[in-house]
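Undergrad: Contents of my_file33.txt (compact mmCIF, C-alpha atoms) are given next:
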# COMPACT_ATOMS: atom_id res chain seq x y z
CA MET A 1289 23.20 3.70 8.89
CA ASN A 1290 24.83 0.26 8.94
CA PHE A 1291 25.08 -0.45 5.22
CA LYS A 1292 25.28 -4.22 4.79
CA LYS A 1293 23.43 -4.59 1.50
CA LEU A 1294 24.77 -6.07 -1.73
CA LEU A 1295 28.43 -7.04 -2.05
CA VAL A 1296 29.03 -4.91 -5.09
CA SER A 1297 31.10 -6.15 -8.00
CA GLY A 1298 31.18 -5.68 -11.73
CA ALA A 1299 30.28 -2.00 -11.74
CA LEU A 1300 28.83 -1.06 -15.08
CA SER A 1301 30.50 1.39 -17.36
CA ALA A 1302 27.20 3.24 -17.52
CA GLY A 1303 28.84 5.80 -15.30
CA ILE A 1304 27.35 8.17 -12.78
CA LEU A 1305 23.77 9.42 -12.70
CA ALA A 1306 23.38 13.01 -11.51
CA GLY A 1307 26.79 12.72 -9.85
CA SER A 1308 25.55 10.51 -7.00
CA VAL A 1309 24.32 7.21 -8.43
CA SER A 1310 26.29 4.29 -9.85
CA PHE A 1311 24.85 1.09 -11.34
CA VAL A 1312 25.80 -2.35 -10.02
CA TYR A 1313 24.69 -5.93 -10.53
CA ALA A 1314 22.51 -7.29 -7.72
CA GLN A 1315 24.27 -9.89 -5.58
CA ALA A 1316 22.94 -12.36 -3.03
CA THR A 1317 22.48 -10.78 0.39
CA THR A 1318 20.94 -11.57 3.77
CA TYR A 1319 17.74 -10.43 5.44
CA LYS A 1320 16.80 -10.48 9.12
CA VAL A 1321 13.27 -11.82 9.67
CA GLN A 1322 10.82 -9.29 11.16
CA PRO A 1323 7.57 -9.93 13.11
CA GLY A 1324 4.83 -11.10 10.73
CA ASP A 1325 7.26 -12.13 8.00
CA SER A 1326 6.77 -15.26 5.91
CA PHE A 1327 8.60 -16.54 2.85
CA TRP A 1328 5.77 -15.11 0.75
CA THR A 1329 5.91 -11.59 2.26
CA ILE A 1330 9.71 -11.51 1.97
CA SER A 1331 9.54 -12.66 -1.66
CA GLN A 1332 7.15 -9.76 -2.34
CA LYS A 1333 9.50 -7.26 -0.64
CA TYR A 1334 12.36 -8.26 -2.93
CA ASN A 1335 10.25 -9.03 -6.01
CA ILE A 1336 11.63 -12.55 -6.39
CA SER A 1337 9.77 -15.82 -6.72
CA ILE A 1338 8.93 -17.62 -3.50
CA SER A 1339 10.33 -20.86 -4.96
CA SER A 1340 13.78 -19.33 -5.57
CA LEU A 1341 13.75 -17.80 -2.08
CA MET A 1342 12.88 -21.12 -0.43
CA LYS A 1343 15.40 -23.00 -2.57
CA ALA A 1344 18.19 -20.60 -1.56
CA ASN A 1345 17.40 -21.33 2.09
CA ASN A 1346 16.82 -25.10 1.77
CA ALA A 1347 13.26 -24.51 2.96
CA THR A 1348 9.94 -26.23 2.32
CA GLU A 1349 6.31 -25.27 2.87
CA ASN A 1350 6.67 -26.60 6.43
CA THR A 1351 9.73 -24.50 7.30
CA VAL A 1352 9.09 -22.09 10.19
CA LEU A 1353 10.69 -18.63 10.25
CA TYR A 1354 11.75 -17.00 13.51
CA VAL A 1355 12.08 -13.29 14.29
CA GLY A 1356 15.73 -12.31 14.09
CA GLN A 1357 16.67 -15.25 11.87
CA SER A 1358 18.94 -14.41 8.91
CA ILE A 1359 17.95 -15.81 5.53
CA ILE A 1360 19.53 -15.56 2.10
CA ILE A 1361 18.00 -13.33 -0.56
CA PRO A 1362 19.16 -14.76 -3.92
CA ALA A 1363 20.32 -12.42 -6.66
CA ASP A 1364 17.79 -11.84 -9.44
CA GLY A 1365 20.36 -10.78 -12.02
CA SER A 1366 18.87 -7.32 -12.31
CA VAL A 1367 20.73 -4.04 -12.39
CA GLN A 1368 20.40 -1.86 -9.32
CA ALA A 1369 21.82 1.51 -8.38
CA VAL A 1370 23.70 2.76 -5.33
CA TYR A 1371 22.89 6.33 -4.27
CA THR A 1372 25.18 8.46 -2.11
CA VAL A 1373 23.18 10.33 0.53
CA GLN A 1374 23.26 14.14 0.28
CA LYS A 1375 22.51 16.80 2.89
CA GLY A 1376 18.82 16.81 3.85
CA ASP A 1377 18.06 13.41 2.30
CA THR A 1378 15.55 11.01 3.84
CA TYR A 1379 14.28 7.69 2.55
CA TRP A 1380 11.02 9.40 1.60
CA LYS A 1381 12.82 12.06 -0.45
CA ILE A 1382 14.97 9.45 -2.17
CA SER A 1383 11.93 7.31 -2.99
CA GLN A 1384 10.20 10.31 -4.55
CA LYS A 1385 13.35 11.41 -6.38
CA TYR A 1386 13.79 8.07 -8.10
CA GLY A 1387 10.12 7.10 -8.39
CA VAL A 1388 10.35 3.92 -6.28
CA ASP A 1389 7.99 2.56 -3.65
CA LEU A 1390 9.09 3.73 -0.17
CA GLN A 1391 8.44 0.38 1.51
CA ARG A 1392 10.43 -1.45 -1.16
CA LEU A 1393 13.31 1.03 -0.80
CA LEU A 1394 13.32 0.46 2.98
CA ALA A 1395 13.15 -3.31 2.56
CA VAL A 1396 16.13 -3.64 0.22
CA ASN A 1397 18.19 -1.51 2.61
CA ASN A 1398 17.15 -3.36 5.80
CA ALA A 1399 15.75 -0.05 7.06
CA THR A 1400 12.57 1.12 8.77
CA GLY A 1401 10.68 4.39 8.79
CA THR A 1402 12.81 5.53 11.75
CA THR A 1403 16.23 4.68 10.28
CA SER A 1404 18.38 7.81 10.05
CA LEU A 1405 20.64 8.70 7.14
CA ASN A 1406 23.98 10.47 7.21
CA ILE A 1407 25.74 12.34 4.42
CA GLY A 1408 27.83 9.86 2.45
CA ASP A 1409 25.75 6.79 3.36
CA LYS A 1410 25.03 4.40 0.49
CA VAL A 1411 21.42 3.54 -0.34
CA VAL A 1412 20.46 0.82 -2.82
CA ILE A 1413 17.89 1.98 -5.37
CA PRO A 1414 15.80 -1.06 -6.38
CA ALA A 1415 16.06 -2.33 -9.94
CA ALA A 1416 14.37 -0.30 -12.65
CA GLU A 1417 13.29 -3.52 -14.34
CA ILE A 1418 12.96 -7.20 -13.58
CA ILE A 1419 11.94 -10.17 -15.66
CA HIS A 1420 8.73 -11.88 -14.53
CA THR A 1421 7.86 -15.43 -15.50
CA VAL A 1422 4.14 -15.64 -16.15
CA LYS A 1423 2.24 -18.15 -14.01
CA ALA A 1424 -0.93 -20.03 -14.92
CA ASN A 1425 -4.02 -17.78 -15.13
CA GLU A 1426 -2.00 -14.58 -14.73
CA THR A 1427 -2.98 -11.52 -16.75
CA PHE A 1428 -1.33 -8.15 -17.30
CA TRP A 1429 -3.72 -6.73 -14.69
CA ILE A 1430 -2.78 -9.34 -12.05
CA ILE A 1431 0.92 -8.76 -12.69
CA SER A 1432 0.48 -4.97 -12.59
CA GLN A 1433 -1.17 -5.28 -9.17
CA LYS A 1434 1.58 -7.57 -7.86
CA TYR A 1435 4.31 -5.08 -8.73
CA ASN A 1436 2.23 -1.91 -8.17
CA VAL A 1437 2.74 -0.59 -11.70
CA ASP A 1438 0.24 0.97 -14.06
CA ILE A 1439 -1.28 -1.70 -16.32
CA ASN A 1440 -1.03 0.52 -19.43
CA LYS A 1441 2.65 1.22 -18.69
CA LEU A 1442 3.28 -2.52 -18.22
CA MET A 1443 1.63 -3.40 -21.54
CA SER A 1444 3.36 -0.59 -23.41
CA TYR A 1445 6.71 -1.64 -21.92
CA ASN A 1446 6.20 -5.06 -23.48
CA GLY A 1447 4.75 -3.87 -26.81
CA ALA A 1448 1.35 -5.28 -25.85
CA ASP A 1449 -2.24 -4.06 -25.74
CA GLU A 1450 -5.54 -5.24 -24.27
CA LYS A 1451 -5.83 -7.94 -26.95
CA THR A 1452 -2.40 -9.46 -26.27
CA ILE A 1453 -2.51 -12.99 -24.84
CA ILE A 1454 0.15 -14.07 -22.36
CA TYR A 1455 0.79 -17.65 -21.34
CA ALA A 1456 2.39 -19.58 -18.47
CA GLY A 1457 6.17 -19.63 -18.73
CA GLN A 1458 6.38 -16.50 -20.85
CA LYS A 1459 8.94 -13.86 -19.79
CA ILE A 1460 7.77 -10.26 -19.58
CA LYS A 1461 9.59 -7.12 -18.44
CA VAL A 1462 8.28 -5.22 -15.41
CA PRO A 1463 9.34 -1.57 -14.98
CA LEU A 1464 9.73 -1.09 -11.25
CA SER A 1465 10.87 2.50 -10.96
CA GLY A 1466 10.84 5.80 -12.76
CA THR A 1467 14.60 5.56 -13.43
CA SER A 1468 15.66 3.50 -16.42
CA GLN A 1469 19.22 2.58 -17.27
CA GLY A 1470 19.34 5.17 -19.98
CA SER A 1471 17.69 8.04 -18.18
CA SER A 1472 19.59 11.09 -17.10
CA ALA A 1473 17.18 12.42 -14.50
CA PRO A 1474 14.80 10.93 -11.94
CA THR A 1475 11.06 10.89 -12.44
CA GLN A 1476 9.14 13.34 -10.28
CA PRO A 1477 5.51 13.02 -9.16
CA SER A 1478 3.23 15.02 -11.40
CA THR A 1479 -0.09 16.74 -10.85
CA SER A 1480 -0.81 17.09 -14.58
CA ILE A 1481 -2.18 13.56 -14.93
CA LYS A 1482 -5.71 13.13 -13.67
CA PRO A 1483 -7.09 9.90 -12.15
CA TYR A 1484 -8.44 7.53 -14.77
CA VAL A 1485 -10.17 4.17 -14.94
CA THR A 1486 -9.43 1.06 -16.98
CA TYR A 1487 -11.23 -2.27 -16.83
CA THR A 1488 -10.31 -5.89 -16.34
CA SER A 1489 -12.44 -9.01 -16.01
CA TYR A 1490 -13.02 -11.52 -13.25
CA THR A 1491 -14.42 -15.04 -13.53
CA VAL A 1492 -16.84 -15.78 -10.70
CA GLN A 1493 -15.80 -18.71 -8.52
CA LYS A 1494 -18.07 -21.06 -6.60
CA GLY A 1495 -19.15 -19.44 -3.35
CA ASP A 1496 -18.38 -15.87 -4.47
CA ILE A 1497 -20.67 -13.06 -3.37
CA LEU A 1498 -20.74 -9.57 -4.85
CA TRP A 1499 -19.67 -7.87 -1.61
CA ASP A 1500 -16.52 -10.00 -1.33
CA ILE A 1501 -15.63 -9.46 -5.00
CA ALA A 1502 -15.93 -5.67 -4.56
CA ASN A 1503 -13.66 -5.81 -1.50
CA LYS A 1504 -11.20 -8.06 -3.31
CA PHE A 1505 -10.67 -5.43 -5.99
CA GLY A 1506 -10.89 -2.42 -3.65
CA ILE A 1507 -14.00 -0.83 -5.14
CA PRO A 1508 -17.42 0.07 -3.67
CA LEU A 1509 -20.16 -2.50 -4.21
CA ASN A 1510 -22.39 0.01 -6.01
CA GLU A 1511 -19.58 0.68 -8.51
CA LEU A 1512 -19.20 -3.03 -9.24
CA LEU A 1513 -22.97 -3.31 -9.72
CA ALA A 1514 -23.13 -0.28 -12.02
CA ALA A 1515 -20.24 -1.53 -14.18
CA ASN A 1516 -22.12 -4.78 -14.78
CA ASN A 1517 -25.71 -3.44 -14.95
CA MET A 1518 -26.57 -5.49 -11.87
CA THR A 1519 -28.42 -5.05 -8.59
CA GLU A 1520 -27.71 -6.69 -5.22
CA SER A 1521 -30.39 -9.27 -6.02
CA THR A 1522 -28.88 -10.28 -9.38
CA PRO A 1523 -27.99 -14.01 -9.23
CA LEU A 1524 -24.30 -14.83 -9.42
CA ASN A 1525 -23.14 -18.10 -10.95
CA ALA A 1526 -19.71 -19.74 -11.11
CA GLY A 1527 -18.15 -18.98 -14.49
CA ASP A 1528 -19.86 -15.60 -14.93
CA LYS A 1529 -17.57 -12.86 -16.25
CA LEU A 1530 -17.62 -9.55 -14.38
CA LYS A 1531 -16.26 -6.23 -15.57
CA ILE A 1532 -13.96 -4.78 -12.88
CA PRO A 1533 -13.09 -1.05 -12.78
CA VAL A 1534 -9.40 -0.40 -12.06
CA HIS A 1535 -8.64 3.09 -10.71
CA HIS A 1536 -5.29 4.72 -11.42
CA VAL A 1537 -4.45 7.57 -9.02
CA PRO A 1538 -1.19 9.44 -9.85
CA ILE A 1539 0.99 10.73 -7.02
CA LYS A 1540 0.44 14.41 -6.22
CA ASN A 1541 3.09 16.88 -5.17
CA THR A 1542 3.01 18.26 -1.61
CA PRO A 1543 4.38 21.53 -0.17
CA GLY A 1544 6.97 19.60 1.85
CA GLU A 1545 7.97 16.24 3.29
CA LYS A 1546 5.81 16.53 6.40
CA TYR A 1547 2.62 16.96 4.37
CA GLY A 1548 0.39 14.38 2.70
CA GLU A 1549 -1.21 14.22 -0.73
CA TYR A 1550 -4.50 16.11 -0.96
CA LEU A 1551 -6.65 13.35 -2.45
CA ASP A 1552 -10.38 13.55 -3.07
CA TRP A 1553 -12.19 10.76 -1.25
CA TRP A 1554 -14.64 9.92 -4.02
CA THR A 1555 -12.27 9.77 -6.98
CA GLU A 1556 -8.88 9.10 -5.37
CA ALA A 1557 -8.39 8.33 -1.67
CA GLN A 1558 -10.89 5.47 -1.33
CA TYR A 1559 -9.05 3.62 -4.12
CA VAL A 1560 -5.53 4.39 -2.89
CA ILE A 1561 -6.52 3.11 0.58
CA PRO A 1562 -9.08 0.37 -0.18
CA VAL A 1563 -11.05 -1.76 2.27
CA GLY A 1564 -8.66 -4.32 3.74
CA SER A 1565 -5.56 -2.11 3.59
CA LYS A 1566 -3.32 -1.86 6.67
CA PHE A 1567 -1.48 1.40 7.19
CA GLU A 1568 0.30 3.69 9.64
CA VAL A 1569 -1.61 6.65 11.12
CA VAL A 1570 0.77 9.49 12.03
CA ASP A 1571 -0.42 12.38 14.17
CA PHE A 1572 0.50 15.57 12.30
CA TYR A 1573 1.38 17.61 15.38
CA THR A 1574 3.28 15.11 17.56
CA GLY A 1575 4.62 12.62 15.02
CA LYS A 1576 3.35 9.76 17.19
CA SER A 1577 1.83 6.88 15.25
CA PHE A 1578 -0.03 3.58 15.35
CA PHE A 1579 -1.18 0.96 12.86
CA ALA A 1580 -4.73 0.36 11.69
CA LYS A 1581 -6.84 -1.30 9.02
CA ARG A 1582 -9.70 0.01 6.93
CA THR A 1583 -12.38 -2.61 7.48
CA THR A 1584 -15.38 -0.80 5.97
CA GLY A 1585 -16.77 2.66 5.22
CA ALA A 1586 -18.33 4.25 2.14
CA ASN A 1587 -18.67 7.97 2.98
CA HIS A 1588 -15.30 7.93 4.76
CA ALA A 1589 -12.92 5.26 6.04
CA ASP A 1590 -14.13 3.20 9.02
CA VAL A 1591 -10.99 1.89 10.67
CA GLU A 1592 -9.84 -0.44 13.46
CA THR A 1593 -6.52 -0.56 15.31
CA LEU A 1594 -4.52 -3.74 14.68
CA THR A 1595 -3.51 -4.54 18.27
CA VAL A 1596 -4.15 -3.46 21.86
CA GLN A 1597 -0.74 -1.76 21.75
CA ASP A 1598 -1.87 0.31 18.76
CA THR A 1599 -5.02 1.27 20.67
CA ALA A 1600 -2.89 2.44 23.61
CA LYS A 1601 -0.80 4.59 21.26
CA MET A 1602 -3.94 6.04 19.69
CA LYS A 1603 -5.36 6.95 23.12
CA GLU A 1604 -2.04 8.54 24.08
CA ILE A 1605 -2.29 10.88 21.08
CA TRP A 1606 -5.80 11.90 22.18
CA GLY A 1607 -4.73 12.67 25.76
CA GLY A 1608 -5.19 9.19 27.19
CA LYS A 1609 -8.81 8.67 26.17
CA PHE A 1610 -11.12 7.89 23.28
CA SER A 1611 -12.52 11.07 21.76
CA TRP A 1612 -14.72 12.41 18.99
CA ALA A 1613 -12.32 15.37 18.72
CA SER A 1614 -10.63 15.33 15.32
CA ARG A 1615 -6.94 15.79 14.60
CA PRO A 1616 -4.95 16.18 11.36
CA VAL A 1617 -3.10 12.96 10.49
CA ILE A 1618 -0.96 11.50 7.73
CA ILE A 1619 -1.83 8.03 6.40
CA LYS A 1620 1.29 6.16 5.28
CA TYR A 1621 0.45 3.31 2.94
CA ASN A 1622 2.14 1.60 0.01
CA GLY A 1623 4.89 4.21 -0.14
CA ARG A 1624 2.48 7.15 -0.18
CA LYS A 1625 1.52 9.74 2.43
CA ILE A 1626 -2.10 10.92 2.34
CA ALA A 1627 -3.54 13.94 4.17
CA ALA A 1628 -6.43 13.00 6.46
CA SER A 1629 -8.29 13.76 9.68
CA ALA A 1630 -9.17 11.26 12.42
CA SER A 1631 -11.17 10.97 15.60
CA SER A 1632 -10.48 8.15 18.07
CA MET A 1633 -13.92 7.22 19.39
CA PRO A 1634 -14.84 3.56 18.73
CA HIS A 1635 -18.46 3.06 17.76
CA ALA A 1636 -21.02 0.71 16.19
CA GLY A 1637 -19.25 -2.48 17.28
CA ASN A 1638 -18.98 -5.29 19.80
CA ASP A 1639 -15.54 -6.88 20.18
CA ALA A 1640 -17.05 -9.95 21.85
CA ALA A 1641 -19.09 -10.94 18.79
CA ALA A 1642 -18.22 -11.85 15.20
CA GLY A 1643 -17.96 -8.98 12.74
CA GLY A 1644 -20.86 -8.49 10.36
CA VAL A 1645 -23.49 -10.30 12.46
CA TYR A 1646 -26.53 -8.88 14.22
CA VAL A 1647 -25.83 -8.00 17.87
CA SER A 1648 -28.02 -6.62 20.65
CA TRP A 1649 -25.39 -4.11 21.84
CA ARG A 1650 -22.97 -1.88 19.97
CA SER A 1651 -20.61 0.79 21.28
CA GLY A 1652 -21.33 4.52 21.15
CA ASP A 1653 -25.00 4.11 21.98
CA TYR A 1654 -25.63 2.62 18.57
CA GLY A 1655 -27.94 -0.03 20.01
CA ALA A 1656 -28.73 -3.31 18.28
CA GLY A 1657 -27.66 -3.89 14.70
CA TYR A 1658 -24.91 -4.92 12.29
CA ASN A 1659 -21.61 -5.43 14.14
CA PHE A 1660 -18.83 -3.19 12.77
CA ASP A 1661 -16.02 -4.99 14.56
CA TRP A 1662 -13.79 -7.44 12.68
CA ILE A 1663 -10.44 -7.18 14.48
CA LYS A 1664 -10.65 -8.91 17.85
CA GLY A 1665 -8.61 -8.38 21.01
CA ASN A 1666 -7.45 -4.90 20.01
CA GLY A 1667 -9.00 -3.13 22.99
CA ILE A 1668 -11.81 -1.34 21.15
CA ASP A 1669 -15.42 -2.10 20.29
CA GLY A 1670 -16.13 -1.13 16.70
CA VAL A 1671 -14.51 1.35 14.32
CA PHE A 1672 -13.24 4.92 14.42
CA ASP A 1673 -13.42 7.51 11.63
CA ILE A 1674 -10.78 8.78 9.21
CA HIS A 1675 -11.83 11.50 6.77
CA PHE A 1676 -10.23 12.73 3.56
CA LEU A 1677 -10.86 15.61 1.17
CA ASN A 1678 -14.65 15.87 0.51
CA SER A 1679 -15.56 12.74 2.50
CA THR A 1680 -18.85 12.97 4.37
CA LYS A 1681 -20.63 11.75 7.49
CA HIS A 1682 -22.56 8.48 7.36
CA LYS A 1683 -25.56 9.76 9.28
CA ASP A 1684 -26.53 12.60 6.95
CA GLY A 1685 -24.11 12.52 4.00
CA LYS A 1686 -22.86 16.02 4.80
CA ILE A 1687 -19.34 17.44 4.97
CA ASP A 1688 -17.79 17.74 8.44
CA SER A 1689 -16.09 21.15 8.47
CA GLY A 1690 -13.76 20.23 11.35
CA HIS A 1691 -12.43 17.18 9.56
CA GLN A 1692 -12.02 19.10 6.31
CA ALA A 1693 -10.04 21.84 8.07
CA ASN A 1694 -7.72 19.18 9.47
CA VAL A 1695 -7.23 17.55 6.07
CA LYS A 1696 -6.09 20.94 4.72
CA ILE A 1697 -3.60 21.28 7.58
CA ALA A 1698 -2.19 17.80 6.90
CA ALA A 1699 -1.92 18.66 3.19
CA GLY A 1700 -0.37 22.10 3.75
CA VAL A 1701 -3.26 23.71 1.88
CA LYS A 1702 -4.06 27.32 2.82
Re-express the file's structure as structure tokens.
TA:
Amino acid sequence: MNFKKLLVSGALSAGILAGSVSFVYAQATTYKVQPGDSFWTISQKYNISISSLMKANNATENTVLYVGQSIIIPADGSVQAVYTVQKGDTYWKISQKYGVDLQRLLAVNNATGTTSLNIGDKVVIPAAEIIHTVKANETFWIISQKYNVDINKLMSYNGADEKTIIYAGQKIKVPLSGTSQGSSAPTQPSTSIKPYVTYTSYTVQKGDILWDIANKFGIPLNELLAANNMTESTPLNAGDKLKIPVHHVPIKNTPGEKYGEYLDWWTEAQYVIPVGSKFEVVDFYTGKSFFAKRTTGANHADVETLTVQDTAKMKEIWGGKFSWASRPVIIKYNGRKIAASASSMPHAGNDAAAGGVYVSWRSGDYGAGYNFDWIKGNGIDGVFDIHFLNSTKHKDGKIDSGHQANVKIAAGVK
């Protein structure tokens, strides 16, 4: 590993954590622009404001970023930790050991999922806490979603509750990892905490429709309707206040690194991987992977590949063709690995027409109907299926035993 992160100075006298971690002040560093990057996405990776990032690079809203370009990541003044790699370590193991998001750990170390580690390498553990300046109209819930922290933990960390009012310009502390400056051991994932639901509110904007609001918050439409005692025909007016369920799904332990979390579709998986999420699909047996997006699906995830290259990789895994045959897979998203089962046969869509409109032809002998194809030019017509624990088939609402057997394999469940 070519360790070029953080020119370290001013080591704290806090000492050594577990014999392999030392604390340091974050310093300005550089980042090499990757495909799809923007100032906004980079600011999210490093949990800094987009304005400070642009200022550090003398950029404006019209500045164009190029792949391979080096930009400055300004220091945020937070305290970070440097971990010395031990035998058998991987980025995934380190992220789980210190309770940090895997993608964030990779980002701050200029690494990818394929970057190898050697004994003695230095890995930066992202800050346990940063200071967030509240922006207009922000709430604890909005901030918790931005930093991927539990809303109750965020409020408790700031001595607040659901009645606490925050205002623009206020400074609040955001706990970003399970390791605090005073802790003596890393936080481990726990299976003792069950999924739970809290609620936030949303003010309806002009032009909003219930379907889009449900997708925005990653919940099924029927759940949004039930929470607000509404039906699909209930009129929606700008200024209306809606009650929004927020699902909290704790990380579950797995038998080993190669396995995924065994998450129930109805209470866990559909909220961890909501409609609109983009993720990596890894074949359990070969390790080959491609990227996809969940574009719809209520009984299970209906998914589309992102590009024609991803479609080619998917076909390669299934022997060079589209197939209804199912295989155990791992879904890698937001620093988590979820056990699943996938088939690769596109169906119910027409790539030549707009998604969501009525079409006279759809793939898989589905005939005329609603077009389940939103990603264009990816080499497939429609969606393919990804199943999770207890998910069911759309046509009859029944469990598919083949998919369920694969999910168990991916989860290491006997």
Undergrad: State, in Å with one decimal place, the distance from CA of Tyr1490 in chain A to CA of Ser1679 in chain A.
TA: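 Value for the CA of Tyr1490 in chain A-CA of Ser1679 in chain A distance: 29.0 Å.
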Undergrad: Can you list, as a PyMOL selection string, every protein, DNA or RNA residue that comes within 12 Å of Val1560 in chain A when you count only C-alpha atoms, leaving out same-chain residues fewer than 4 positions away?
TA: chain A and resi 1436+1483+1505-1507+1534-1539+1549-1556+1564-1567+1582+1589+1619-1626+1676
Undergrad: Please list as an mmCIF file with C-alpha atoms, in the coordinates of the input every residue within 9 Å of Ser1340 in chain A, counting all atoms listed in the file and excluding residues in the same chain fewer than 3 positions away.
TA:
data_model
loop_
_atom_site.group_PDB
_atom_site.id
_atom_site.type_symbol
_atom_site.label_atom_id
_atom_site.label_comp_id
_atom_site.auth_asym_id
_atom_site.auth_seq_id
_atom_site.Cartn_x
_atom_site.Cartn_y
_atom_site.Cartn_z
ATOM 1 C CA SER A 1331 9.540 -12.660 -1.660
ATOM 2 C CA ILE A 1336 11.630 -12.550 -6.390
ATOM 3 C CA SER A 1337 9.770 -15.820 -6.720
ATOM 4 C CA LYS A 1343 15.400 -23.000 -2.570
ATOM 5 C CA ALA A 1344 18.190 -20.600 -1.560
ATOM 6 C CA ASN A 1345 17.400 -21.330 2.090
ATOM 7 C CA ILE A 1361 18.000 -13.330 -0.560
ATOM 8 C CA PRO A 1362 19.160 -14.760 -3.920
#
Undergrad: Counting all atoms listed in the file, which of A:Ile1419, A:Ala1515, A:Ala1395, A:Ile1674 gets nearest to Glu1592 in chain A?
TA: A:Ile1674
Undergrad: Counting only C-alpha atoms, figure out which residue out of A:Asn1587, A:Asn1638, A:Gln1322, A:Asn1541 gets nearest to Ala1699 in chain A.
TA: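 Closest to Ala1699 in chain A, using only C-alpha atoms: A:Asn1541.
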Undergrad: Separation of CA of Val1701 in chain A and CA of Asp1598 in chain A, in Å?
TA: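 Distance reported for this atom pair: 28.9 Å.
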Undergrad: From the options A:Ser1339, A:Asp1571, A:Val1352, A:Ile1430, which residue's atoms come nearest to Asp1325 in chain A, counting all atoms listed in the file?
TA: A:Val1352
Undergrad: Taking 2 positions as the minimum chain separation for residues in the same chain, which residues sit within 9 Å of range 1687-1690 of chain A when counting all atoms listed in the file? Answer as a ChimeraX atom specification.
TA: /A:1613-1615,1629,1675,1678-1681,1684-1685,1692-1695
Undergrad: Which residues are near Lys1576 in chain A? Cut-off 10 Å, all atoms listed in the file, ignore same chain within fewer than 6 positions. Put them as a PDB file with C-alpha atoms, in the coordinates of the input.
TA:
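Final file, around36.pdb:
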ATOM      1  CA  VAL A1569      -1.610   6.650  11.120  1.00  0.00           C
ATOM      2  CA  VAL A1570       0.770   9.490  12.030  1.00  0.00           C
ATOM      3  CA  LYS A1601      -0.800   4.590  21.260  1.00  0.00           C
ATOM      4  CA  MET A1602      -3.940   6.040  19.690  1.00  0.00           C
ATOM      5  CA  GLU A1604      -2.040   8.540  24.080  1.00  0.00           C
ATOM      6  CA  ILE A1605      -2.290  10.880  21.080  1.00  0.00           C
ATOM      7  CA  VAL A1617      -3.100  12.960  10.490  1.00  0.00           C
TER       8      VAL A1617
END
Undergrad: For Ile1431 in chain A, please output as number ranges by chain all residues within 10 Å (counting all atoms listed in the file; exclusion window: fewer than 3 positions along the same chain).
TA: A: 1420, 1422-1423, 1426-1428, 1434-1439, 1442, 1460, 1462
